[in-house]
Structure formats: structure tokens, C-alpha cells
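Structure first, commentary second.
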Amino acid sequence: MGDRIMFGDFSKALVQLGDRRFQSVLLKGLGLTIALLIAIYLAFVWIIGAFVPDTFSLPFIGQVTWIDDALSIGSFFLMIGLSVFLMVPVASAFTGIFLEEVSEAVEDRHYPGLPEVPRQSIVDIVVDSLSFLGVIIVANVIALVLYLVLNVAAPLIFWALNGFLLGREYFQMVAIRRLGREGAKAARKRHMPEIWLAGALMAIPLTIPVVNLLIPVLGAATFTHMFMRLEGDKLRQPAL
């Protein structure tokens, strides 16, 4: 029964993917991610050009004129390889800056009449997004040891770990708008098993290329529905 309810939350989020605010958040997150990766690549190429000489001599070989070109080409393929691993977490961090817009879009469509909430400061949003990025990268790097030792169970470990992290982060992000930090923390503790399970269901598509880029937006929308289902009755203003 609980699984069907959670799939209902996800289904409502999926149906709303055509919402312009959803698409705007997705495009802004992807655009900033691609811009950052390009900037890193250009900076690397500039460093090569600035510090690697065009030509130099090696004993027994003579004049070498191709090192800087080789490093530039190698850096391109290195960046392509890194982007495979960095695209999702970096896109999640950038998209996280705009996820409040996703929650607002869900509330406007499905939960009209809620009291207005003040927007979080951009500083708090950026700090929270970068903190989440750091935690998810460090946790998965540490988990690599378990992946190697328990390789048969690696997918389950990945889904359980990232499900916990995703569920905790997205529920906190949604709840903090309405309940504040302490209220969000208390609500998270009350519903942690369901939050973890929903996060694990969101973590499964992380292993699917392209689809995984939708997870931040779908996660924010899904957990907005979940939060309203679990805590929404407490938010509605009493009738006069």
C-alpha cells in the first residue's frame, strides 16, 4: 500500500514534467554544469599553453615539438571521461539552487491556498547545495571499498546509500520552506523509513544515462507531494 502511494507521488511529478518551471530549472542546471565543465577544460588548456614549452630537447631523442598538442588532446578525452562521473552530481548541485521553483510549481498546481512562504536566501541555498554535493561525493567514494569487496551487492549498496542521501536532502529541502530547519528535522525523523524508501526508488534511475539528469527535478516534485501528504494538514490555515 505504501509503495503504491509513493509511486502515486512520483507519477504526479512525472506528469508535470511539461511544466515550464520544471523545464526552466532543468535547463538552468544543465547549462551551468556544461559551462563549468567547459571552463575547467579551457583553464586546463590555458595552463598547458602557459607552462609547457612548444619545443624542448630530450637526450637521445632530440627536438620534441608535439608534447603540448598531445597534452591538449589528452586533456579533452580526460574531461570527457570525467564528465561521465561529474555530470550528475554537479548538475544536481546546480539544479538544487533552483529547486524551490519546482516546489512552488507543484504547490500552485496541486495545493492551492497554502500560506505564502518567504524565499530562502541565495547564500543558504548555495551552501546547502554544495554541502549536499560534498556529502554525496565523499559517501560514494568511501562506498567504493564496499562496491569492490561486495561486488555482487554493489547495486543494492548504491541504491540504499544514495536513497538515504537523496531522500534526506529532498525532504529537508521541501520541508524547510514550510516548517523551518528545526521543524523540517523533526518531520524527517518522524517519516524517515518512508523517506528512505522513496529516496531509494529515486536512486534507481541514477544508473540510467540521460534519465539521471531528470532526478533532481523529479525528486523535488515527488518529495513535495510526499511532504504535503504527510504534513500538509498541519499547514492549511483554519477557516474563519
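Every chain in the C-alpha cells has a letter given in the order shown (A, B, ...), and although residue numbers restart at 1 in each chain, ligands are simply numbered from 1 in the order shown.
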
Which residues are close to segment 105-122 of chain A, i.e. within 9 Å by only C-alpha atoms, leaving aside same-chain residues fewer than 3 positions away? Reply as a PyMOL selection string.
chain A and resi 13+16+19+21-22+97+100-102+125-127+177-178+221+224-225+228+235-237

Residue with the minimum atom-to-atom distance to Pro216 of chain A, picked from A:Val123, A:Tyr170, A:Lys189, A:Leu27 with only C-alpha atoms counted, is A:Tyr170

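Atom CA of Leu166 of chain A lies 17.6 Å from atom CA of Ala154 of chain A.
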
Here atom CA of Ala175 of chain A and atom CA of Phe227 of chain A stand apart by 6.7 Å

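Distance check against Glu194 of chain A using only C-alpha atoms: of A:Ile136, A:Ile5, A:Leu218, A:Ile34, the minimum falls on A:Ile5.
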
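Taking atom CA of Gly180 of chain A and atom CA of Gly232 of chain A as the two end points, the separation is 14.4 Å.
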
I want to know what sits within 10 Å of Ile204 of chain A, based on only C-alpha atoms, with residues of the same chain fewer than 5 positions away left out; could you give that as a ChimeraX atom specification?
/A:155-156,158-160,162-163,199,212,215

Name all residues at most 10 Å from His191 of chain A (count only C-alpha atoms; drop same-chain ones fewer than 2 positions away) and give them as a PyMOL selection string.
chain A and resi 171+186-189+193-196+227+230-231
